[in-house]
Structures are given as C-alpha cells and as structure tokens.
$ cat work_5.txt   # compact mmCIF, C-alpha atoms
# COMPACT_ATOMS: atom_id res chain seq x y z
CA MET A 18 100.61 133.31 114.97
CA VAL A 19 102.47 129.98 114.99
CA ILE A 20 99.96 128.39 117.34
CA VAL A 21 97.14 129.45 115.02
CA LEU A 22 98.92 127.69 112.16
CA PHE A 23 99.21 124.43 114.11
CA ILE A 24 95.57 124.60 115.20
CA ALA A 25 94.53 125.24 111.61
CA LEU A 26 96.54 122.21 110.48
CA ALA A 27 94.90 120.08 113.18
CA ILE A 28 91.46 121.19 112.00
CA CYS A 29 92.30 120.49 108.34
CA PHE A 30 93.62 117.00 109.07
CA SER A 31 90.64 116.32 111.34
CA ALA A 32 88.30 117.22 108.48
CA LEU A 33 90.20 114.92 106.12
CA LEU A 34 90.09 112.16 108.74
CA TYR A 35 86.34 112.54 109.20
CA TYR A 36 85.75 112.47 105.44
CA GLN A 37 87.90 109.35 104.99
CA VAL A 38 86.18 107.51 107.85
CA LYS A 39 82.79 108.20 106.30
CA ARG A 40 83.98 107.31 102.80
CA ASN A 41 86.10 104.23 103.52
CA PRO A 42 87.48 103.43 106.99
CA GLY A 43 89.34 100.36 105.73
CA THR A 44 92.49 102.14 104.62
CA LEU A 45 95.84 103.13 106.11
CA THR A 46 95.12 106.72 105.09
CA ILE A 47 93.06 106.91 108.29
CA GLY A 48 96.22 106.41 110.33
CA THR A 49 98.09 109.02 108.30
CA TYR A 50 95.51 111.74 108.94
CA ALA A 51 95.12 110.84 112.63
CA PHE A 52 98.91 110.92 113.09
CA PHE A 53 99.17 114.44 111.67
CA VAL A 54 96.22 115.61 113.76
CA THR A 55 98.10 114.41 116.84
CA ILE A 56 101.41 115.98 115.79
CA SER A 57 99.73 119.31 115.00
CA LEU A 58 98.09 119.38 118.43
CA ILE A 59 101.37 118.47 120.17
CA CYS A 60 103.13 121.31 118.35
CA ALA A 61 100.34 123.73 119.32
CA ILE A 62 100.63 122.69 122.98
CA THR A 63 104.42 123.09 122.82
CA VAL A 64 104.05 126.67 121.59
CA LEU A 65 101.24 127.43 124.03
CA PHE A 66 103.29 126.44 127.09
CA GLY A 67 106.49 128.03 125.78
CA ILE A 68 108.66 124.91 125.99
CA SER A 69 112.25 125.90 125.26
CA TYR A 70 114.10 124.90 122.10
CA ASP A 71 116.79 123.03 124.06
CA THR A 72 114.15 120.98 125.88
CA ILE A 73 112.44 120.08 122.61
CA VAL A 74 115.75 119.00 121.05
CA ARG A 75 116.59 116.86 124.08
CA ILE A 76 113.18 115.17 123.99
CA LEU A 77 113.49 114.52 120.26
CA GLU A 78 116.93 112.97 120.72
CA TYR A 79 115.66 110.51 123.34
CA LEU A 80 112.58 109.84 121.24
CA TYR A 81 114.75 109.18 118.21
CA TYR A 82 116.67 106.37 119.92
CA ILE A 83 113.47 104.83 121.24
CA VAL A 84 111.90 104.93 117.78
CA VAL A 85 114.98 103.36 116.16
CA LEU A 86 114.92 100.48 118.67
CA LEU A 87 111.21 99.99 118.00
CA GLY A 88 111.89 100.07 114.27
CA LEU A 89 114.54 97.37 114.57
CA THR A 90 112.15 95.28 116.65
CA LEU A 91 109.45 95.61 113.99
CA MET A 92 111.93 94.70 111.27
CA TRP A 93 112.93 91.59 113.21
CA ARG A 94 109.27 90.57 113.55
CA LEU A 95 108.89 90.90 109.78
CA VAL A 96 112.02 88.83 109.20
CA TRP A 97 110.79 86.13 111.60
CA TYR A 98 107.32 86.12 109.98
CA SER A 99 108.87 85.73 106.53
CA TRP A 100 111.22 82.98 107.72
CA LYS A 101 108.38 80.94 109.21
CA ARG A 102 106.33 81.22 106.03
CA PHE A 103 108.92 80.87 103.27
CA ARG A 104 112.09 79.51 104.94
CA SER A 105 114.15 81.97 102.91
CA PHE A 106 117.52 83.24 104.14
CA LEU A 107 117.31 86.47 102.11
CA LEU A 108 115.59 88.70 104.67
CA PRO A 109 117.57 87.39 107.69
CA ILE A 110 120.83 88.06 105.83
CA MET A 111 119.63 91.55 104.82
CA PHE A 112 118.60 92.30 108.41
CA ILE A 113 121.97 91.19 109.80
CA GLY A 114 123.68 93.31 107.15
CA TYR A 115 121.56 96.30 108.11
CA ILE A 116 122.45 95.94 111.81
CA ALA A 117 126.13 95.64 110.86
CA ALA A 118 125.86 98.81 108.75
CA ILE A 119 124.39 100.74 111.68
CA VAL A 120 127.21 99.59 113.97
CA LEU A 121 130.03 100.14 111.48
CA LEU A 122 128.79 103.53 110.28
CA SER A 123 127.91 104.89 113.72
CA PRO A 124 131.28 106.71 114.06
CA PHE A 125 130.51 108.69 110.90
CA VAL A 126 128.09 111.46 111.84
CA LEU A 127 127.05 112.12 108.23
CA LEU A 128 125.87 108.52 107.78
CA ARG A 129 124.84 107.51 111.29
CA TRP A 130 121.49 109.29 111.21
CA GLY A 131 120.68 108.52 107.60
CA ILE A 132 121.23 104.77 107.85
CA THR A 133 118.49 104.51 110.48
CA GLY A 134 115.94 105.93 108.03
CA LEU A 135 114.77 102.41 107.18
CA ALA A 136 114.00 101.65 110.82
CA LEU A 137 112.09 104.93 111.09
CA TYR A 138 110.06 103.92 108.04
CA PHE A 139 108.93 100.74 109.79
CA VAL A 140 107.81 102.71 112.82
CA TRP A 141 105.89 105.10 110.57
CA GLN A 142 104.08 102.20 108.92
CA PHE A 143 103.39 100.56 112.28
CA LEU A 144 101.83 103.75 113.64
CA ARG A 145 99.63 104.02 110.55
CA PHE A 146 98.56 100.39 110.95
CA LEU A 147 97.95 100.66 114.70
CA ILE A 148 95.91 103.87 114.51
CA SER A 149 93.92 102.75 111.46
CA SER A 150 93.13 99.40 113.07
CA LEU A 151 91.95 100.98 116.32
CA ILE A 152 89.74 103.52 114.56
CA TYR A 153 88.29 100.88 112.23
CA GLY A 154 87.28 98.76 115.20
CA GLN A 155 85.43 101.71 116.72
CA VAL A 156 83.52 102.94 113.66
CA ILE A 157 82.32 99.63 112.20
CA SER A 158 78.92 98.63 113.58
CA ALA A 159 76.94 95.41 113.35
CA PRO A 160 75.65 94.71 109.82
CA LYS A 161 71.95 95.11 109.06
CA GLN A 162 71.88 92.11 106.73
CA GLY A 163 73.97 89.15 105.60
CA PRO A 164 75.65 87.22 104.33
CA LEU A 165 78.24 86.59 107.03
CA VAL A 166 81.54 84.71 106.74
CA VAL A 167 83.39 83.19 109.71
CA LEU A 168 87.11 82.67 109.11
CA GLY A 169 88.78 79.56 110.47
CA GLY A 170 91.67 79.82 112.90
CA GLY A 171 92.84 76.29 113.59
CA LEU A 172 91.44 73.34 115.54
CA ALA A 173 92.57 72.15 118.96
CA ASP A 174 93.79 68.54 118.88
CA GLY A 175 92.84 68.41 115.22
CA TYR A 176 89.08 68.49 115.70
CA LYS A 177 87.96 70.77 118.56
CA ILE A 178 86.94 74.43 118.46
CA GLY A 179 89.24 76.52 120.66
CA ASN A 180 88.45 79.74 122.51
CA ILE A 181 89.71 82.05 119.76
CA VAL A 182 87.62 80.44 117.00
CA ASN A 183 84.63 80.17 119.33
CA ALA A 184 84.83 83.94 119.89
CA ARG A 185 84.61 84.46 116.11
CA ILE A 186 81.56 82.21 115.83
CA ARG A 187 79.91 83.82 118.85
CA ALA A 188 80.38 87.32 117.39
CA ALA A 189 78.82 86.27 114.06
CA VAL A 190 75.86 84.54 115.73
CA ALA A 191 75.25 87.54 118.00
CA ASP A 192 75.03 89.88 114.99
CA ALA A 193 72.93 87.39 113.01
CA LYS A 194 70.33 87.15 115.77
CA LEU A 195 69.84 90.92 115.68
CA MET A 196 68.70 90.83 112.05
CA THR A 197 65.07 90.66 110.99
CA ILE A 198 65.83 87.83 108.57
CA PHE A 199 68.44 85.34 109.77
CA PRO A 200 71.34 85.58 107.29
CA MET A 201 73.30 82.93 105.47
CA ILE A 202 76.54 82.17 107.33
CA VAL A 203 79.53 80.78 105.45
CA PHE A 204 82.11 78.93 107.52
CA SER A 205 85.47 79.19 105.79
CA GLY A 206 88.47 76.95 106.40
CA GLY A 207 90.05 73.88 104.82
CA GLN A 208 91.48 70.76 106.40
CA GLY A 209 95.10 70.78 107.51
CA GLU A 210 97.44 67.81 107.51
CA ASP A 211 97.05 67.36 111.27
CA GLN A 212 93.27 67.82 111.31
CA TYR A 213 90.55 65.15 111.19
CA LEU A 214 87.99 67.36 109.43
CA SER A 215 87.83 70.74 107.77
CA GLU A 216 87.74 73.85 109.94
CA ALA A 217 84.55 74.88 108.15
CA GLN A 218 82.80 71.63 109.10
CA ALA A 219 83.97 71.84 112.70
CA MET A 220 82.81 75.45 113.02
CA ARG A 221 79.41 74.74 111.46
CA ASP A 222 78.80 71.75 113.74
CA TRP A 223 79.81 73.83 116.76
CA ALA A 224 77.56 76.74 115.76
CA VAL A 225 74.57 74.44 115.25
CA ASP A 226 75.07 72.46 118.47
CA LYS A 227 76.14 75.27 120.82
CA TYR A 228 74.31 78.31 119.45
CA GLY A 229 71.34 76.67 117.76
CA ILE A 230 71.69 78.26 114.35
CA PRO A 231 69.59 76.66 111.55
CA PRO A 232 71.70 74.21 109.49
CA ALA A 233 69.84 75.37 106.38
CA LYS A 234 71.31 78.85 106.94
CA THR A 235 74.90 77.63 106.71
CA MET A 236 77.34 77.03 103.88
CA LEU A 237 80.82 75.52 103.91
CA GLU A 238 83.95 76.77 102.18
CA GLU A 239 86.46 73.95 102.69
CA GLN A 240 89.33 74.75 100.30
CA SER A 241 91.09 77.71 101.95
CA HIS A 242 94.29 77.57 103.99
CA ASN A 243 94.98 81.28 104.62
CA THR A 244 93.12 84.57 104.92
CA LEU A 245 93.53 85.50 101.27
CA GLN A 246 91.94 82.19 100.23
CA ASN A 247 89.23 82.54 102.90
CA LEU A 248 88.11 85.80 101.35
CA THR A 249 88.56 84.77 97.72
CA TYR A 250 86.73 81.44 97.90
CA SER A 251 83.95 82.81 100.13
CA ALA A 252 83.35 85.62 97.65
CA GLU A 253 83.09 83.06 94.85
CA ILE A 254 80.53 81.02 96.80
CA LEU A 255 78.47 84.14 97.50
CA GLY A 256 78.55 85.36 93.91
CA SER A 257 80.76 88.34 94.74
CA GLN A 258 78.04 90.01 96.84
CA PRO A 259 79.27 92.17 99.75
CA PHE A 260 79.60 90.38 103.07
CA THR A 261 80.79 90.82 106.65
CA PHE A 262 83.59 88.54 107.80
CA TYR A 263 84.32 87.55 111.38
CA THR A 264 87.76 86.88 112.76
CA SER A 265 89.78 87.81 115.84
CA GLU A 266 90.05 91.48 116.84
CA TYR A 267 93.74 91.73 116.02
CA HIS A 268 93.22 90.18 112.57
CA VAL A 269 90.30 92.28 111.30
CA PHE A 270 92.14 95.17 109.71
CA ARG A 271 94.61 93.02 107.78
CA GLY A 272 91.65 91.09 106.42
CA VAL A 273 90.05 94.34 105.30
CA LEU A 274 93.25 95.44 103.55
CA LEU A 275 93.55 92.06 101.81
CA ALA A 276 89.94 92.25 100.63
CA GLU A 277 90.55 95.74 99.26
CA LYS A 278 93.55 94.48 97.29
CA LEU A 279 91.43 91.60 95.94
CA GLY A 280 88.61 93.96 94.96
CA ILE A 281 86.14 92.29 97.34
CA THR A 282 83.61 94.50 99.14
CA VAL A 283 83.55 93.56 102.82
CA GLN A 284 83.53 94.84 106.33
CA GLY A 285 85.21 93.04 109.20
CA ARG A 286 84.13 92.32 112.75
CA GLY A 287 86.24 90.86 115.53
CA GLY A 288 85.62 88.28 118.21
CA TYR A 289 87.04 88.99 121.66
CA THR A 290 90.70 88.10 122.19
CA PRO A 291 92.50 88.22 125.58
CA LYS A 292 94.71 91.31 125.79
CA LEU A 293 97.90 89.38 126.52
CA TYR A 294 97.55 87.31 123.35
CA ARG A 295 96.21 90.26 121.34
CA THR A 296 99.36 92.33 121.85
CA SER A 297 101.81 89.74 120.53
CA ALA A 298 99.44 88.74 117.72
CA PHE A 299 99.11 92.36 116.64
CA PHE A 300 102.83 92.57 115.88
CA ARG A 301 102.48 89.45 113.77
CA GLU A 302 99.55 91.02 111.93
CA PHE A 303 101.66 94.09 111.19
CA ALA A 304 104.30 91.86 109.61
CA GLY A 305 101.58 90.23 107.54
CA THR A 306 100.27 93.62 106.47
CA MET A 307 103.72 94.73 105.33
CA ASN A 308 103.88 91.55 103.27
CA ILE A 309 100.74 92.51 101.31
CA ASN A 310 102.63 95.16 99.33
CA LYS A 311 106.20 94.12 100.09
CA ARG A 312 107.76 95.48 96.88
CA ARG A 313 106.25 98.90 97.50
CA HIS A 314 107.50 98.89 101.09
CA VAL A 315 111.00 97.87 100.01
CA ALA A 316 111.07 100.76 97.53
CA TRP A 317 109.77 103.29 100.05
CA GLY A 318 112.07 101.99 102.77
CA MET A 319 115.11 102.46 100.55
CA ALA A 320 113.84 105.93 99.65
CA TRP A 321 113.61 106.85 103.34
CA LEU A 322 117.15 105.63 103.87
CA VAL A 323 118.52 107.67 100.96
CA VAL A 324 116.54 110.81 101.77
CA GLY A 325 117.52 110.54 105.45
CA THR A 326 121.18 110.38 104.50
CA ILE A 327 120.91 113.35 102.12
CA LEU A 328 119.05 115.49 104.67
CA ASN A 329 121.60 114.62 107.33
CA VAL A 330 124.46 115.69 105.05
CA ILE A 331 122.67 118.98 104.32
CA LEU A 332 122.04 119.64 108.02
CA GLN A 333 125.69 118.93 108.87
CA TRP A 334 126.77 121.63 106.45

$ encode --input "work_5.txt" --output "structure tokens"
Amino acid sequence: MVIVLFIALAICFSALLYYQVKRNPGTLTIGTYAFFVTISLICAITVLFGISYDTIVRILEYLYYIVVLLGLTLMWRLVWYSWKRFRSFLLPIMFIGYIAAIVLLSPFVLLRWGITGLALYFVWQFLRFLISSLIYGQVISAPKQGPLVVLGGGLADGYKIGNIVNARIRAAVADAKLMTIFPMIVFSGGQGEDQYLSEAQAMRDWAVDKYGIPPAKTMLEEQSHNTLQNLTYSAEILGSQPFTFYTSEYHVFRGVLLAEKLGITVQGRGGYTPKLYRTSAFFREFAGTMNINKRRHVAWGMAWLVVGTILNVILQW
C-alpha cells in the first residue's frame, strides 16, 4: 500500500511538472516538481527492495553532513559574489557569525541540527535552480521568428571578441539563418572603462565580418552594463515586443528569471561553453539568482532555521 502511495505521488508531481513546462518553463517551480518526482520514486524503490530502517537512517545521516557542507559552500559563493559587487562587509560578517554559531552550538543536541537549517535552505534553492536550468535548456527550441538579442560578455584586450561571446553570436546567427525572413538582431552591451569601443559595436562588426549577416538587420544597444540593463534597454528599443536573447549556456536561466521579474516576455538560448568553465560559472549564476529576490530568501532562510530548531526540539522529546 505504501509503495502505491509513493507511485501515485510521483505521477501527480509528474503531471504538474508537465503542465508547468508547457505553460511556462522559465520558473523555479519546474525544479520543485522535478525534485519531488525524484524523491517519490526513490521512496518507492526503497519500499520495493525492502531496505531496512537502520540502513535508511545511516544513509540519511551521511547525506545530511554532505548537504550541510554543500550548503556552506553555496553560502560562501553568495558572500563572495556580493563582496565583489558591493564591497560590503555585512554578509561576510554574518557568514563568519553563522559558522561560529554552528561550532559553538554543536555540543547542544537540541540546537545543533536546527542551526544548520539555513545551510539546508541554500541546498534546496540550488537544487531547484540546477534542475530548472537543465530542463529549460532541453525544452526551449529555436525561435521561428525574431527579433533576437545577443548579450555582451566582455571584450578581450578591450576590443576583441573572445570565445565565449563568439559562441553567443554564433548561436544567434545559426537560429537566424533557419528563419524564412532574416530577423532583426540587437547587439546589447555598453563600453567599459577599459574598452576601446562598446561591446555592442564590437559584436555587430564581428557578426558582419565573420558570419556575413546584413548590417541593415542589426541594431545596437550601447548603454547597458549588466544583464538587467541588457534586457531592459533592449526591450525599450524593440518596443516591448517578445524576443529571444542569446547568452552563455550557464547564464540563460538567470536571464529568464530576471526578464520575468521585469515583466519582459522572452526566451533564452545559450551558446556553447566549455564544461570546465561552465561548472564554476554555474555556481556564480546561482549566487546571482539568489540576489534577484534576496529579501525573500533572507526571510525564508531564517524561517528554515527557526522551524528546523523547533522540529529538532520536538523530536528530542
């Protein structure tokens, strides 16, 4: 009977996942449903093979410590991301205080498990982000029509197109050439202090010279200096019509989430990124995603910490 319940839960969450993918794949809800599908199936397999209670508890204990370490790593990445952007000491001090609390309270059984609730929350959010991002990349197909927007990603030596930005341009051009009518392509990126021209200008020149796209089918957005501005200013140029933006694979889903927050209708496509670079960059993207709704995450993180402590006290009784 128990196995039937878990299978039923897996089917229900699978149906919700399918509906959400069809309705709007650019949301973290995708990761939530996929996570519970996986957990339901794991529970069903556990019952099916008759794995003992003691074995399950032992596995969960080891898994708990691994998850806490991962959570602390993710928290550190967020702290480092925030420090590089804002040069504020607030988050580093809070992180050090949190580590100290874990160490000092570890002798107290009633508090030891609850205090790690915040780290567990970060792992939960990371799993949602990871799963949602992977699924989004699989379900989004090439657009049937334009316009297209290519996001800047820096210039080598202040003027040259590097491999990462070239991959973005190449992906956009490949999709554009599949369309019956060649679309308008907006190249988005301002000029940094160490750059000799705007990223938009450099990308457009590269696309025209290397890939032979018609100059008349290009537009420049030269004011932006981050992804939020890329999307906002490009939408203004295009009169708020829906568009497909092109960036690196690891960056697509955060761009989609930002666009949703801005109320801009988009879909995202990614240019190829080497796996070694993609892995480290993905952790940075997670930190950036947490920063989109940081107040909400702070509130929920504190809630997880409090609830974890309360549940631990109840279980100890």

$ residues_around --input "work_5.txt" --residues "Asp174 in chain A" --least-positions-apart "6" --cutoff "12 Å" --atoms "all atoms listed in the file" --output "list in words"
Gly209, Glu210, Asp211, Gln212, Tyr213 and Leu214 of chain A

$ residues_around --input "work_5.txt" --residues "Ile110 in chain A" --least-positions-apart "5" --cutoff "10 Å" --atoms "all atoms listed in the file" --output "ChimeraX atom specification"
/A:96,105,115

$ residues_around --input "work_5.txt" --residues "Phe303 in chain A" --least-positions-apart "5" --cutoff "9 Å" --atoms "all atoms listed in the file" --output "list in words"
Leu91, Arg94, Leu95, Gln142, Phe143, Phe146, Leu147, Arg271, Ala298 and Asn308 of chain A

$ closest_residue --input "work_5.txt" --among "A:Asn41, A:Thr326, A:Thr55, A:Thr133" --to "Gly88 in chain A" --atoms "all atoms listed in the file"
A:Thr133

$ closest_residue --input "work_5.txt" --among "A:Gly163, A:Pro200, A:Gly179, A:Gly154" --to "Val269 in chain A" --atoms "all atoms listed in the file"
A:Gly154

$ closest_residue --input "work_5.txt" --among "A:Phe52, A:Pro160, A:Tyr153, A:Lys292" --to "Thr197 in chain A" --atoms "all atoms listed in the file"
A:Pro160

$ atom_distance --input "work_5.txt" --atom1 "CA of Tyr70 in chain A" --atom2 "CA of Arg145 in chain A"
27.9 Å

$ residues_around --input "work_5.txt" --residues "range 253-265 of chain A" --least-positions-apart "4" --cutoff "7 Å" --atoms "all atoms listed in the file" --output "MDAnalysis selection string"
chainID A and resid 163:168 181 185 189 249 269 282:290

$ atom_distance --input "work_5.txt" --atom1 "CA of Arg187 in chain A" --atom2 "CA of Arg102 in chain A"
29.5 Å

$ build_atoms --input "work_5.txt" --residues "range 179-201 of chain A" --atoms "N, CA and C atoms" --output "short mmCIF file (atom, residue, chain, number, x, y, z; two decimals), keeping the file's coordinate frame"
data_model
loop_
_atom_site.label_atom_id
_atom_site.label_comp_id
_atom_site.auth_asym_id
_atom_site.auth_seq_id
_atom_site.Cartn_x
_atom_site.Cartn_y
_atom_site.Cartn_z
N GLY A 179 88.59 75.86 119.54
CA GLY A 179 89.24 76.52 120.66
C GLY A 179 88.56 77.83 121.01
N ASN A 180 89.07 78.50 122.03
CA ASN A 180 88.45 79.74 122.51
C ASN A 180 88.48 80.85 121.47
N ILE A 181 89.58 80.97 120.74
CA ILE A 181 89.71 82.05 119.76
C ILE A 181 88.70 81.89 118.64
N VAL A 182 88.59 80.67 118.09
CA VAL A 182 87.62 80.44 117.00
C VAL A 182 86.20 80.53 117.53
N ASN A 183 85.96 80.06 118.74
CA ASN A 183 84.63 80.17 119.33
C ASN A 183 84.20 81.63 119.45
N ALA A 184 85.15 82.51 119.78
CA ALA A 184 84.83 83.94 119.89
C ALA A 184 84.40 84.50 118.53
N ARG A 185 85.00 84.03 117.46
CA ARG A 185 84.61 84.46 116.11
C ARG A 185 83.18 84.01 115.80
N ILE A 186 82.90 82.74 116.09
CA ILE A 186 81.56 82.21 115.83
C ILE A 186 80.53 82.94 116.67
N ARG A 187 80.84 83.15 117.94
CA ARG A 187 79.91 83.82 118.85
C ARG A 187 79.59 85.23 118.37
N ALA A 188 80.60 85.95 117.88
CA ALA A 188 80.38 87.32 117.39
C ALA A 188 79.46 87.31 116.17
N ALA A 189 79.67 86.35 115.26
CA ALA A 189 78.82 86.27 114.06
C ALA A 189 77.38 85.92 114.43
N VAL A 190 77.21 84.95 115.32
CA VAL A 190 75.86 84.54 115.73
C VAL A 190 75.14 85.67 116.44
N ALA A 191 75.86 86.42 117.28
CA ALA A 191 75.25 87.54 118.00
C ALA A 191 74.71 88.58 117.03
N ASP A 192 75.50 88.91 115.99
CA ASP A 192 75.03 89.88 114.99
C ASP A 192 73.88 89.31 114.17
N ALA A 193 73.97 88.02 113.83
CA ALA A 193 72.93 87.39 113.01
C ALA A 193 71.58 87.42 113.71
N LYS A 194 71.58 87.20 115.02
CA LYS A 194 70.33 87.15 115.77
C LYS A 194 69.67 88.52 115.93
N LEU A 195 70.41 89.57 115.62
CA LEU A 195 69.84 90.92 115.68
C LEU A 195 69.11 91.29 114.39
N MET A 196 69.29 90.51 113.35
CA MET A 196 68.70 90.83 112.05
C MET A 196 67.26 90.33 111.96
N THR A 197 66.47 91.04 111.19
CA THR A 197 65.07 90.66 110.99
C THR A 197 64.96 89.30 110.31
N ILE A 198 65.77 89.11 109.28
CA ILE A 198 65.83 87.83 108.57
C ILE A 198 67.19 87.21 108.87
N PHE A 199 67.18 85.99 109.42
CA PHE A 199 68.44 85.34 109.77
C PHE A 199 69.28 85.14 108.51
N PRO A 200 70.53 85.60 108.51
CA PRO A 200 71.34 85.58 107.29
C PRO A 200 71.99 84.23 107.02
N MET A 201 72.47 84.08 105.80
CA MET A 201 73.30 82.93 105.47
C MET A 201 74.68 83.14 106.09
#
